[in-house]
$ cat my_file.txt   # compact mmCIF, N, CA and C atoms
# COMPACT_ATOMS: atom_id res chain seq x y z
N MET A 1 19.46 -1.73 -52.35
CA MET A 1 18.43 -1.90 -53.36
C MET A 1 18.48 -3.34 -53.84
N PRO A 2 17.31 -3.99 -53.97
CA PRO A 2 17.29 -5.37 -54.44
C PRO A 2 17.70 -5.46 -55.91
N ARG A 3 18.13 -6.63 -56.30
CA ARG A 3 18.43 -6.87 -57.72
C ARG A 3 17.14 -6.69 -58.50
N LEU A 4 17.26 -6.27 -59.74
CA LEU A 4 16.09 -6.02 -60.57
C LEU A 4 15.21 -7.25 -60.65
N HIS A 5 15.80 -8.40 -60.89
CA HIS A 5 15.01 -9.63 -61.00
C HIS A 5 14.22 -9.90 -59.73
N ASP A 6 14.89 -9.76 -58.57
CA ASP A 6 14.21 -9.99 -57.29
C ASP A 6 13.05 -9.01 -57.12
N GLU A 7 13.27 -7.79 -57.54
CA GLU A 7 12.22 -6.78 -57.42
C GLU A 7 11.03 -7.11 -58.32
N LEU A 8 11.31 -7.57 -59.53
CA LEU A 8 10.24 -7.83 -60.49
C LEU A 8 9.44 -9.09 -60.19
N VAL A 9 10.09 -10.11 -59.66
CA VAL A 9 9.39 -11.37 -59.39
C VAL A 9 9.17 -11.59 -57.90
N GLY A 10 9.42 -10.57 -57.10
CA GLY A 10 9.31 -10.68 -55.65
C GLY A 10 7.96 -11.16 -55.19
N ASP A 11 7.65 -10.86 -54.00
CA ASP A 11 6.42 -11.29 -53.36
C ASP A 11 5.21 -10.92 -54.21
N THR A 12 4.44 -11.90 -54.58
CA THR A 12 3.26 -11.66 -55.42
C THR A 12 2.03 -11.33 -54.59
N LYS A 13 2.16 -11.25 -53.28
CA LYS A 13 1.03 -10.96 -52.41
C LYS A 13 0.91 -9.48 -52.09
N GLY A 14 1.55 -8.62 -52.84
CA GLY A 14 1.35 -7.21 -52.61
C GLY A 14 2.60 -6.41 -52.30
N GLY A 15 3.76 -6.98 -52.47
CA GLY A 15 4.97 -6.21 -52.25
C GLY A 15 5.97 -6.97 -51.41
N ALA A 16 7.18 -6.50 -51.49
CA ALA A 16 8.26 -7.14 -50.75
C ALA A 16 8.13 -6.88 -49.26
N CYS A 17 8.69 -7.74 -48.46
CA CYS A 17 8.72 -7.57 -47.02
C CYS A 17 9.49 -6.28 -46.70
N LYS A 18 8.88 -5.40 -45.94
CA LYS A 18 9.49 -4.11 -45.62
C LYS A 18 10.77 -4.28 -44.82
N LEU A 19 10.77 -5.22 -43.89
CA LEU A 19 11.96 -5.41 -43.07
C LEU A 19 13.09 -6.04 -43.88
N CYS A 20 12.75 -6.97 -44.78
CA CYS A 20 13.77 -7.55 -45.66
C CYS A 20 14.39 -6.46 -46.54
N THR A 21 13.55 -5.59 -47.06
CA THR A 21 14.04 -4.50 -47.91
C THR A 21 15.01 -3.63 -47.13
N TYR A 22 14.66 -3.28 -45.89
CA TYR A 22 15.56 -2.48 -45.06
C TYR A 22 16.86 -3.23 -44.79
N LEU A 23 16.76 -4.49 -44.39
CA LEU A 23 17.96 -5.26 -44.05
C LEU A 23 18.92 -5.35 -45.24
N HIS A 24 18.37 -5.54 -46.43
CA HIS A 24 19.22 -5.65 -47.62
C HIS A 24 19.89 -4.33 -47.98
N SER A 25 19.41 -3.23 -47.42
CA SER A 25 20.04 -1.92 -47.70
C SER A 25 21.24 -1.66 -46.79
N LEU A 26 21.43 -2.49 -45.78
CA LEU A 26 22.48 -2.27 -44.79
C LEU A 26 23.81 -2.89 -45.22
N PRO A 27 24.91 -2.34 -44.69
CA PRO A 27 26.21 -3.00 -44.89
C PRO A 27 26.18 -4.38 -44.22
N PRO A 28 26.95 -5.34 -44.72
CA PRO A 28 26.90 -6.72 -44.22
C PRO A 28 27.03 -6.86 -42.70
N THR A 29 27.93 -6.13 -42.08
CA THR A 29 28.13 -6.26 -40.63
C THR A 29 26.90 -5.81 -39.86
N GLU A 30 26.35 -4.68 -40.25
CA GLU A 30 25.15 -4.16 -39.58
C GLU A 30 23.95 -5.08 -39.83
N ARG A 31 23.83 -5.59 -41.07
CA ARG A 31 22.75 -6.52 -41.40
C ARG A 31 22.83 -7.76 -40.51
N ALA A 32 24.03 -8.30 -40.36
CA ALA A 32 24.22 -9.50 -39.54
C ALA A 32 23.82 -9.25 -38.09
N GLU A 33 24.14 -8.06 -37.58
CA GLU A 33 23.76 -7.72 -36.20
C GLU A 33 22.23 -7.68 -36.05
N TRP A 34 21.54 -7.03 -36.99
CA TRP A 34 20.08 -6.98 -36.95
C TRP A 34 19.48 -8.38 -37.04
N ILE A 35 19.98 -9.18 -37.97
CA ILE A 35 19.45 -10.53 -38.16
C ILE A 35 19.60 -11.35 -36.89
N ALA A 36 20.75 -11.24 -36.24
CA ALA A 36 20.98 -11.99 -35.00
C ALA A 36 19.97 -11.59 -33.93
N GLU A 37 19.69 -10.30 -33.81
CA GLU A 37 18.73 -9.83 -32.81
C GLU A 37 17.30 -10.24 -33.17
N ILE A 38 16.96 -10.15 -34.44
CA ILE A 38 15.61 -10.51 -34.89
C ILE A 38 15.34 -12.00 -34.68
N LYS A 39 16.39 -12.82 -34.79
CA LYS A 39 16.24 -14.27 -34.60
C LYS A 39 15.99 -14.67 -33.15
N LEU A 40 16.31 -13.77 -32.23
CA LEU A 40 16.08 -14.10 -30.81
C LEU A 40 14.59 -14.27 -30.55
N PRO A 41 14.22 -15.09 -29.58
CA PRO A 41 12.79 -15.27 -29.29
C PRO A 41 12.13 -13.94 -28.94
N LYS A 42 10.84 -13.84 -29.26
CA LYS A 42 10.12 -12.59 -29.01
C LYS A 42 10.04 -12.27 -27.52
N GLU A 43 10.23 -13.26 -26.67
CA GLU A 43 10.26 -13.02 -25.23
C GLU A 43 11.53 -12.28 -24.82
N ALA A 44 12.59 -12.45 -25.60
CA ALA A 44 13.85 -11.76 -25.32
C ALA A 44 13.90 -10.40 -26.01
N VAL A 45 13.48 -10.35 -27.27
CA VAL A 45 13.45 -9.11 -28.05
C VAL A 45 12.08 -9.04 -28.71
N SER A 46 11.25 -8.16 -28.21
CA SER A 46 9.87 -8.08 -28.70
C SER A 46 9.79 -7.42 -30.07
N HIS A 47 8.67 -7.67 -30.75
CA HIS A 47 8.41 -7.03 -32.03
C HIS A 47 8.42 -5.50 -31.85
N THR A 48 7.82 -5.05 -30.77
CA THR A 48 7.75 -3.61 -30.50
C THR A 48 9.13 -3.02 -30.27
N ALA A 49 10.00 -3.74 -29.57
CA ALA A 49 11.36 -3.24 -29.34
C ALA A 49 12.10 -3.06 -30.66
N ILE A 50 11.91 -3.98 -31.58
CA ILE A 50 12.54 -3.87 -32.90
C ILE A 50 11.96 -2.66 -33.63
N MET A 51 10.65 -2.50 -33.60
CA MET A 51 10.00 -1.38 -34.25
C MET A 51 10.51 -0.05 -33.69
N VAL A 52 10.64 0.05 -32.38
CA VAL A 52 11.13 1.28 -31.75
C VAL A 52 12.57 1.57 -32.17
N ALA A 53 13.42 0.54 -32.21
CA ALA A 53 14.81 0.72 -32.63
C ALA A 53 14.88 1.20 -34.08
N LEU A 54 14.01 0.67 -34.91
CA LEU A 54 13.95 1.11 -36.30
C LEU A 54 13.52 2.57 -36.39
N LYS A 55 12.50 2.93 -35.63
CA LYS A 55 12.01 4.33 -35.64
C LYS A 55 13.10 5.29 -35.18
N ARG A 56 13.91 4.90 -34.19
CA ARG A 56 15.02 5.73 -33.74
C ARG A 56 16.03 5.98 -34.85
N ARG A 57 16.05 5.09 -35.80
CA ARG A 57 16.97 5.22 -36.94
C ARG A 57 16.29 5.84 -38.15
N GLY A 58 15.07 6.33 -37.95
CA GLY A 58 14.35 6.99 -39.02
C GLY A 58 13.64 6.06 -39.98
N ILE A 59 13.48 4.80 -39.59
CA ILE A 59 12.83 3.81 -40.43
C ILE A 59 11.43 3.54 -39.88
N SER A 60 10.42 3.79 -40.69
CA SER A 60 9.04 3.62 -40.25
C SER A 60 8.51 2.27 -40.72
N ILE A 61 8.63 1.28 -39.85
CA ILE A 61 8.09 -0.06 -40.11
C ILE A 61 7.23 -0.42 -38.90
N GLU A 62 6.00 -0.77 -39.16
CA GLU A 62 5.06 -1.06 -38.08
C GLU A 62 5.33 -2.41 -37.43
N GLU A 63 4.80 -2.57 -36.23
CA GLU A 63 4.97 -3.81 -35.46
C GLU A 63 4.44 -5.01 -36.24
N ALA A 64 3.34 -4.84 -36.96
CA ALA A 64 2.77 -5.95 -37.73
C ALA A 64 3.74 -6.44 -38.81
N SER A 65 4.48 -5.52 -39.42
CA SER A 65 5.47 -5.91 -40.43
C SER A 65 6.62 -6.68 -39.79
N VAL A 66 7.03 -6.26 -38.61
CA VAL A 66 8.08 -6.98 -37.88
C VAL A 66 7.58 -8.39 -37.55
N ARG A 67 6.36 -8.47 -37.06
CA ARG A 67 5.77 -9.77 -36.71
C ARG A 67 5.71 -10.69 -37.93
N ARG A 68 5.23 -10.17 -39.06
CA ARG A 68 5.14 -10.98 -40.29
C ARG A 68 6.53 -11.43 -40.75
N HIS A 69 7.50 -10.52 -40.68
CA HIS A 69 8.86 -10.87 -41.09
C HIS A 69 9.37 -12.03 -40.24
N ARG A 70 9.20 -11.92 -38.96
CA ARG A 70 9.67 -12.99 -38.07
C ARG A 70 8.95 -14.29 -38.33
N ALA A 71 7.66 -14.22 -38.60
CA ALA A 71 6.90 -15.45 -38.85
C ALA A 71 7.25 -16.08 -40.19
N ASN A 72 7.53 -15.27 -41.20
CA ASN A 72 7.70 -15.78 -42.55
C ASN A 72 9.14 -15.91 -43.03
N HIS A 73 10.06 -15.17 -42.42
CA HIS A 73 11.42 -15.13 -42.96
C HIS A 73 12.52 -15.52 -41.98
N VAL A 74 12.16 -15.83 -40.76
CA VAL A 74 13.16 -16.19 -39.75
C VAL A 74 12.99 -17.67 -39.42
N ALA A 75 14.06 -18.43 -39.65
CA ALA A 75 14.02 -19.85 -39.34
C ALA A 75 13.94 -20.05 -37.84
N SER A 76 13.07 -20.91 -37.42
CA SER A 76 12.88 -21.17 -35.98
C SER A 76 13.92 -22.14 -35.48
$ encode --input "my_file.txt" --output "structure tokens"
Amino acid sequence: MPRLHDELVGDTKGGACKLCTYLHSLPPTERAEWIAEIKLPKEAVSHTAIMVALKRRGISIEEASVRRHRANHVAS
């Protein structure tokens, strides 16, 4: 769960990033593993592959959310 302040002043464009919210809910080791995979080029790990892996874990995040997260929150 995000800190209260982060939640209250978060993204003013309609809500927090769904993938960021999920990642912050994970234990540090698991979060680091996801972040490392998400940082890989989309040619190596596609947006859809990430979405499918999330769905296998019971997390419903659409491909568009994965794409936006990578575009806006992953350093190139």
$ select_by_dssp --input "my_file.txt" --residues "region 3-65 of chain A" --states "helix (DSSP H, G or I)" --output "PyMOL selection string"
chain A and resi 4-9+18-24+28-39+47-56+63-65
$ atom_distance --input "my_file.txt" --atom1 "atom N of Val9 (chain A)" --atom2 "atom N of Glu37 (chain A)"
27.6 Å
$ residues_around --input "my_file.txt" --residues "region 63-69 of chain A" --least-positions-apart "3" --cutoff "8 Å" --atoms "all atoms listed in the file" --output "PyMOL selection string"
chain A and resi 17-20+46-52+60+72-75
$ residues_around --input "my_file.txt" --residues "Leu23 (chain A)" --least-positions-apart "2" --cutoff "12 Å" --atoms "only C-alpha atoms" --output "list in words"
Met1, Pro2, Ala16, Cys17, Lys18, Leu19, Cys20, Thr21, Ser25, Leu26, Pro27, Pro28, Thr29, Glu30, Arg31, Ala32, Glu33, Trp34, Ile35, Ala36, Ile38, Leu54, Ile59, Ile61, Val66, His69 and His73 of chain A
$ atom_distance --input "my_file.txt" --atom1 "CA of Val45 (chain A)" --atom2 "CA of Asp6 (chain A)"
29.3 Å
$ axis_aligned_box --input "my_file.txt" --around "region 51-66 of chain A" --padding-each-side "3 Å" --output "lines of an AutoDock Vina configuration file"
center_x = 9.9
center_y = -0.7
center_z = -36.2
size_x = 20.2
size_y = 21.4
size_z = 15.0
$ decode --input "my_file.txt" --residues "chain A" --atoms "C-alpha atoms" --output "PDB file, in the first residue's frame"
ATOM      1  CA  MET A   1       0.000   0.000   0.000  1.00  0.00           C
ATOM      2  CA  PRO A   2       1.386   3.444  -0.873  1.00  0.00           C
ATOM      3  CA  ARG A   3       2.106   6.003   1.812  1.00  0.00           C
ATOM      4  CA  LEU A   4      -0.889   8.200   2.538  1.00  0.00           C
ATOM      5  CA  HIS A   5       0.840  11.306   1.209  1.00  0.00           C
ATOM      6  CA  ASP A   6       1.781   9.559  -2.044  1.00  0.00           C
ATOM      7  CA  GLU A   7      -1.781   8.361  -2.417  1.00  0.00           C
ATOM      8  CA  LEU A   8      -3.272  11.800  -1.799  1.00  0.00           C
ATOM      9  CA  VAL A   9      -0.961  13.799  -4.059  1.00  0.00           C
ATOM     10  CA  GLY A  10      -0.299  11.046  -6.596  1.00  0.00           C
ATOM     11  CA  ASP A  11      -0.953  11.230 -10.268  1.00  0.00           C
ATOM     12  CA  THR A  12      -3.349  14.096 -10.959  1.00  0.00           C
ATOM     13  CA  LYS A  13      -4.280  12.685 -14.379  1.00  0.00           C
ATOM     14  CA  GLY A  14      -6.798  10.199 -13.055  1.00  0.00           C
ATOM     15  CA  GLY A  15      -5.096   7.802 -10.687  1.00  0.00           C
ATOM     16  CA  ALA A  16      -1.880   6.101  -9.850  1.00  0.00           C
ATOM     17  CA  CYS A  17      -0.093   3.856 -12.320  1.00  0.00           C
ATOM     18  CA  LYS A  18      -1.601   0.382 -11.915  1.00  0.00           C
ATOM     19  CA  LEU A  19       1.699  -1.388 -12.465  1.00  0.00           C
ATOM     20  CA  CYS A  20       3.517   0.875  -9.984  1.00  0.00           C
ATOM     21  CA  THR A  21       0.813   0.158  -7.423  1.00  0.00           C
ATOM     22  CA  TYR A  22       1.261  -3.595  -7.934  1.00  0.00           C
ATOM     23  CA  LEU A  23       5.062  -3.393  -7.808  1.00  0.00           C
ATOM     24  CA  HIS A  24       4.990  -1.437  -4.546  1.00  0.00           C
ATOM     25  CA  SER A  25       2.848  -4.187  -2.993  1.00  0.00           C
ATOM     26  CA  LEU A  26       5.572  -6.797  -3.560  1.00  0.00           C
ATOM     27  CA  PRO A  27       8.406  -7.820  -1.245  1.00  0.00           C
ATOM     28  CA  PRO A  28      11.679  -6.081  -2.237  1.00  0.00           C
ATOM     29  CA  THR A  29      13.288  -9.138  -3.873  1.00  0.00           C
ATOM     30  CA  GLU A  30      10.263  -9.924  -6.018  1.00  0.00           C
ATOM     31  CA  ARG A  31       9.828  -6.224  -6.902  1.00  0.00           C
ATOM     32  CA  ALA A  32      13.458  -6.040  -8.041  1.00  0.00           C
ATOM     33  CA  GLU A  33      12.977  -9.103 -10.256  1.00  0.00           C
ATOM     34  CA  TRP A  34       9.894  -7.581 -11.928  1.00  0.00           C
ATOM     35  CA  ILE A  35      11.613  -4.216 -12.401  1.00  0.00           C
ATOM     36  CA  ALA A  36      14.627  -5.875 -14.034  1.00  0.00           C
ATOM     37  CA  GLU A  37      12.385  -7.715 -16.500  1.00  0.00           C
ATOM     38  CA  ILE A  38      10.227  -4.664 -17.231  1.00  0.00           C
ATOM     39  CA  LYS A  39      13.369  -2.630 -17.998  1.00  0.00           C
ATOM     40  CA  LEU A  40      14.372  -5.044 -20.757  1.00  0.00           C
ATOM     41  CA  PRO A  41      13.609  -3.840 -24.289  1.00  0.00           C
ATOM     42  CA  LYS A  42      10.116  -4.665 -25.537  1.00  0.00           C
ATOM     43  CA  GLU A  43      11.723  -6.790 -28.252  1.00  0.00           C
ATOM     44  CA  ALA A  44      13.073  -9.078 -25.517  1.00  0.00           C
ATOM     45  CA  VAL A  45      10.073  -8.946 -23.145  1.00  0.00           C
ATOM     46  CA  SER A  46       6.878  -7.720 -24.750  1.00  0.00           C
ATOM     47  CA  HIS A  47       4.136  -5.722 -23.059  1.00  0.00           C
ATOM     48  CA  THR A  48       1.798  -8.651 -23.692  1.00  0.00           C
ATOM     49  CA  ALA A  49       4.195 -11.138 -22.069  1.00  0.00           C
ATOM     50  CA  ILE A  50       4.234  -8.992 -18.927  1.00  0.00           C
ATOM     51  CA  MET A  51       0.439  -8.728 -18.978  1.00  0.00           C
ATOM     52  CA  VAL A  52       0.080 -12.515 -19.332  1.00  0.00           C
ATOM     53  CA  ALA A  53       2.519 -13.143 -16.451  1.00  0.00           C
ATOM     54  CA  LEU A  54       0.522 -10.744 -14.291  1.00  0.00           C
ATOM     55  CA  LYS A  55      -2.759 -12.470 -15.195  1.00  0.00           C
ATOM     56  CA  ARG A  56      -1.239 -15.842 -14.221  1.00  0.00           C
ATOM     57  CA  ARG A  57      -0.674 -14.323 -10.806  1.00  0.00           C
ATOM     58  CA  GLY A  58      -4.258 -13.089 -10.569  1.00  0.00           C
ATOM     59  CA  ILE A  59      -3.416  -9.474 -11.386  1.00  0.00           C
ATOM     60  CA  SER A  60      -5.618  -7.876 -14.032  1.00  0.00           C
ATOM     61  CA  ILE A  61      -3.570  -5.143 -15.706  1.00  0.00           C
ATOM     62  CA  GLU A  62      -4.129  -4.481 -19.386  1.00  0.00           C
ATOM     63  CA  GLU A  63      -1.409  -4.260 -22.027  1.00  0.00           C
ATOM     64  CA  ALA A  64      -2.008  -0.505 -22.395  1.00  0.00           C
ATOM     65  CA  SER A  65      -1.201   0.016 -18.706  1.00  0.00           C
ATOM     66  CA  VAL A  66       2.025  -1.962 -19.090  1.00  0.00           C
ATOM     67  CA  ARG A  67       2.906   0.111 -22.162  1.00  0.00           C
ATOM     68  CA  ARG A  68       2.219   3.413 -20.332  1.00  0.00           C
ATOM     69  CA  HIS A  69       4.231   2.273 -17.307  1.00  0.00           C
ATOM     70  CA  ARG A  70       7.209   1.446 -19.477  1.00  0.00           C
ATOM     71  CA  ALA A  71       6.942   4.717 -21.373  1.00  0.00           C
ATOM     72  CA  ASN A  72       6.493   6.916 -18.298  1.00  0.00           C
ATOM     73  CA  HIS A  73       8.254   5.172 -15.408  1.00  0.00           C
ATOM     74  CA  VAL A  74      11.129   3.142 -16.837  1.00  0.00           C
ATOM     75  CA  ALA A  75      14.387   4.942 -17.520  1.00  0.00           C
ATOM     76  CA  SER A  76      15.681   4.188 -20.991  1.00  0.00           C
TER      77      SER A  76
END
